[in-house]
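Trainee: Here it is: the structure, laid out below.
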Amino acid sequence: MSAVGGSALEVRGLEAGYGKIQVLWGIDLDVAPGEFVTVIGANGAGKTTLLRALTGLIPIRKGTASALGVPLRGRTPAAIVRSGVGHVPEGRQLFPLMTVRENLDAGADYLPAAKARAERNRAFVYELFPRLRERERQLAGTLSGGERQMVAIGRALMTDPKLLLVDEPSLGLSPALAQAVFAALAQVNADGTTVVLVEQNVQRSLQLADHALVLENGEVRLRGTGAELLAHPQVKEAYLTL
Ligand SMILES: Nc1ncnc2c1ncn2[C@@H]1O[C@H](COP(=O)(O)OP(=O)(O)OP(=O)(O)O)[C@@H](O)[C@H]1O
Ligand SMILES: [Mg+2]
């Protein structure tokens with residue numbers, strides 16, 4: 001999609017880690033408004049750590065990052081959500097003893113403005129995932145893995161994000177359900193939301209991507225369009241051999 005000016009995400013020399021362990025060693029990343037960007041990388045490459053640093057869950061130790069024109073460093077997760085950044089975290093992180101609908105509405109609670117638009121946003125989520133409307137009153141802890149992933153994406157959409165960061169949504173899903181989740185992300189992107197997707201389902205996530213990068217040991221190893229990386233010998237050898 002075309003950019004309206006400005007940048008959805010701009011990351012320069014970002015370093016982050018846990019205690020004495022440094023994980024990310026100077027990440028640069030530019031995402032234009034409306035783009036779909038995919039980050040691929042093996043287990044432990046630092047993909048989740050990158051999303052955690054961008055959403056304020058762990059500190060940015062060095063470097064800068066701004067989303068939608070607003071600096072991220074030093075801001076709380078709630079403030080970052082309020083500025084228009086949605087996060088679908090690794091492992092879904094739902095409230096198991098709350099219903100589907102309560103989990104969705106917990107997303108809107110973050111943002112007074114979104115609360116006012118909760119009905120409309122919920123209707124959008126149910127249109128995207130009709131299964132969730134049927135399961136509205138079911139406890140999230142009793143949902144299937146795929147349904148839980150739909151709730152996790154839906155909950156982030158309830159905040160009306162301009163930029164959506166999604167961590168391995170296809171993990172543990174059947175191929176058919178993974179396709180449904182990817183199709184939903186493509187639709188959200190077509191509706192104007194910028195998407196940064198972290199994935200190990202390389203084939204599909206690179207097909208969807210305008211731009212993509214390969215993360216290895218906390219550094220960016222390769223960059224290109226989704227199509228370029230799909231055809232790249234190193235990507236084929238390391239990620240498409242299964
Ligand atoms: N809370 C933590 N405390 C200490 N080290 C951590 C913590 N979380 C992650 N790490 C380490 O940071 C490195 C990067 O982990 P990260 O979760 O970012 O990888 P990933 O690319 O998301 O991998 P995966 O594909 O398996 O989810 C790993 O070596 C991991 O062991
Ligand atoms: Mg991860």
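Ligands are numbered from 1 in the order shown, residues from 1 within each chain, and chains are lettered A, B, ... in the order they appear in the structure tokens.
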Which residues are close to Ala65 (chain A), i.e. within 7 Å by only C-alpha atoms, leaving aside same-chain residues fewer than 5 positions away? Reply as a list in words.

Mentor: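 What passes the distance filter is Glu10, Val11, Arg12, Pro71, Leu72 and Arg73 of chain A.
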
Trainee: Got time to write the residues from that selection, N, CA and C atoms, as a PDB file, in the first residue's frame?

Mentor:
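Written output follows (again.pdb):
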```
ATOM      1  N   GLU A  10      10.548   3.150  12.950  1.00  0.00           N
ATOM      2  CA  GLU A  10      11.928   3.484  12.590  1.00  0.00           C
ATOM      3  C   GLU A  10      12.818   3.065  13.751  1.00  0.00           C
ATOM      4  N   VAL A  11      13.701   2.144  13.489  1.00  0.00           N
ATOM      5  CA  VAL A  11      14.555   1.574  14.540  1.00  0.00           C
ATOM      6  C   VAL A  11      16.008   1.761  14.117  1.00  0.00           C
ATOM      7  N   ARG A  12      16.819   2.287  15.046  1.00  0.00           N
ATOM      8  CA  ARG A  12      18.219   2.542  14.723  1.00  0.00           C
ATOM      9  C   ARG A  12      19.127   2.008  15.828  1.00  0.00           C
ATOM     10  N   PRO A  71       8.638   8.610  19.887  1.00  0.00           N
ATOM     11  CA  PRO A  71       9.749   7.806  20.403  1.00  0.00           C
ATOM     12  C   PRO A  71       9.252   6.746  21.391  1.00  0.00           C
ATOM     13  N   LEU A  72       9.837   5.545  21.340  1.00  0.00           N
ATOM     14  CA  LEU A  72       9.375   4.445  22.181  1.00  0.00           C
ATOM     15  C   LEU A  72      10.236   4.259  23.427  1.00  0.00           C
ATOM     16  N   ARG A  73      11.487   4.661  23.344  1.00  0.00           N
ATOM     17  CA  ARG A  73      12.411   4.348  24.431  1.00  0.00           C
ATOM     18  C   ARG A  73      11.961   5.004  25.728  1.00  0.00           C
TER      19      ARG A  73
END
```

Trainee: Produce as number ranges by chain the set of residues near ligand 2, where near means within 10 Å with only C-alpha atoms and all ligand atoms considered.

Mentor: A: 41-52, 89-91, 167-168, 171, 198-200

Trainee: Please return, as a PyMOL selection string, all residues of region 3-242 of chain A that DSSP assigns to strand (DSSP E) on the basis of the backbone.

Mentor: chain A and resi 9-18+21-31+36-40+62-67+70-71+85-88+163-167+194-199+211-216+219-225

Trainee: Between A:Tyr110, A:Leu9, A:Glu237, A:Gln22, which has the minimum distance to ligand 1 (counting only C-alpha atoms and all ligand atoms)?

Mentor: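 Using only C-alpha atoms and all ligand atoms, ligand 1 sits closest to A:Gln22.
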
Trainee: Residues near Ala116 (chain A), anyone? I mean within 12 Å using only C-alpha atoms, not counting same-chain ones fewer than 4 positions away, as a ChimeraX atom specification.

Mentor: /A:105,108-112,120-122,158-160

Trainee: Using only C-alpha atoms, please write the residues we just selected to a file, as a PDB file, in the first residue's frame.

Mentor:
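Listing of result_23.pdb after writing:
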```
ATOM      1  CA  ASP A 105     -12.893  -6.162  25.648  1.00  0.00           C
ATOM      2  CA  ALA A 108     -10.269  -1.958  24.551  1.00  0.00           C
ATOM      3  CA  ASP A 109      -9.827  -1.245  28.279  1.00  0.00           C
ATOM      4  CA  TYR A 110      -6.339   0.002  27.490  1.00  0.00           C
ATOM      5  CA  LEU A 111      -7.630   2.901  25.566  1.00  0.00           C
ATOM      6  CA  PRO A 112     -10.595   5.102  26.561  1.00  0.00           C
ATOM      7  CA  ARG A 120     -17.711  -1.418  16.250  1.00  0.00           C
ATOM      8  CA  ASN A 121     -14.296  -2.973  16.785  1.00  0.00           C
ATOM      9  CA  ARG A 122     -15.830  -6.171  18.163  1.00  0.00           C
ATOM     10  CA  MET A 158      -9.738  -3.882  19.746  1.00  0.00           C
ATOM     11  CA  THR A 159      -7.213  -1.095  20.453  1.00  0.00           C
ATOM     12  CA  ASP A 160      -7.576   0.245  16.882  1.00  0.00           C
TER      13      ASP A 160
END
```

Trainee: Please give the complete set of residues from region 71-207 of chain A that DSSP, run on the backbone, assigns to helix (DSSP H, G or I), formatted as number ranges by chain.

Mentor: A: 77-82, 100-108, 112-116, 118-128, 130-134, 140-142, 145-157, 175-190, 202-207

Trainee: Considering only C-alpha atoms, can you say which of A:Pro169, A:Gly13, A:Gly154, A:Pro130 comes closest to Val196 (chain A)?

Mentor: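 Of all the options, A:Pro169 lies closest to Val196 (chain A).
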
Trainee: With only C-alpha atoms as the basis for distance, which of A:Leu68, A:Leu139, A:Ile60, A:Val37 is at the shortest distance from Trp25 (chain A)?

Mentor: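 The shortest atom-to-atom distance to Trp25 (chain A) comes from A:Ile60.
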
Trainee: Please compute the CA of Arg131 (chain A)-CA of Pro96 (chain A) distance, one decimal, in Å.

Mentor: 17.5 Å

Trainee: Work out how far apart CA of Asp210 (chain A) and CA of Ala78 (chain A) are and give it in Å to one decimal.

Mentor: 28.7 Å

Trainee: Smallest atom-to-atom distance to ligand 1: which of A:Gly224, A:Gly6, A:Gly74, A:Gly17, using only C-alpha atoms and all ligand atoms?

Mentor: A:Gly17

Trainee: Using only C-alpha atoms and all ligand atoms for the distances, tell me which of A:Ser7, A:Phe124, A:His87, A:Ala53 is nearest to ligand 1.

Mentor: A:Ala53

Trainee: Tell me, in Å to one decimal, how far CA of Leu165 (chain A) is from CA of Val85 (chain A).

Mentor: 7.4 Å

Trainee: Identify, on the basis of only C-alpha atoms, every residue whose closest approach to Leu177 (chain A) does not exceed 10 Å; exclude the query and any residue fewer than 3 positions from it along the same chain; express the result as a PyMOL selection string.

Mentor: chain A and resi 145-147+149-150+170+172-174+180-183

Trainee: Store the residues of this selection in a file with C-alpha atoms, as a short mmCIF file (atom, residue, chain, number, x, y, z; two decimals), in the first residue's frame.

Mentor:
```cif
data_model
loop_
_atom_site.label_atom_id
_atom_site.label_comp_id
_atom_site.auth_asym_id
_atom_site.auth_seq_id
_atom_site.Cartn_x
_atom_site.Cartn_y
_atom_site.Cartn_z
CA GLY A 145 -5.20 -23.37 19.88
CA GLY A 146 -6.41 -21.78 16.66
CA GLU A 147 -9.37 -20.13 18.34
CA GLN A 149 -4.84 -17.26 18.38
CA MET A 150 -7.89 -15.58 16.84
CA SER A 170 0.87 -19.85 13.20
CA GLY A 172 0.91 -24.95 16.83
CA LEU A 173 -1.87 -24.45 14.28
CA SER A 174 -2.99 -26.87 11.57
CA ALA A 180 -6.94 -18.54 8.01
CA VAL A 181 -4.80 -16.52 10.42
CA PHE A 182 -2.51 -15.33 7.61
CA ALA A 183 -5.55 -14.40 5.50
#
```

Trainee: Quick one: residues within 6 Å of Ala8 (chain A), only C-alpha atoms counted, chain neighbours fewer than 3 positions away excluded, as a count of residues only?

Mentor: 5

Trainee: Measuring between only C-alpha atoms and all ligand atoms, which one of A:Ile58, A:Leu222, A:Leu206, A:Leu128 shows the shortest distance to ligand 1?

Mentor: A:Ile58

Trainee: Need the shell around Leu94 (chain A): protein/DNA/RNA residues with any atom at most 8 Å away, counting only C-alpha atoms. Skip same-chain ones fewer than 2 positions apart. Format as a list in words?

Mentor: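 Final neighbour list, sorted by chain and number: Arg92, Pro96, Asn103, Ala140, Gly141, Arg148, Val151 and Ala152 of chain A.
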
Trainee: Which neighbours of Val195 (chain A) fall inside 9 Å, counting only C-alpha atoms, when residues of the same chain fewer than 4 positions from it are skipped, and could you give them as a list in words?

Mentor: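 Here the qualifying residues turn out to be Val31, Gly34, Glu35, Phe36, Val37, Thr38, Lys162, Leu163, Leu164, Leu165, Val166, Leu185, Ala186, Val188 and Asn189 of chain A.
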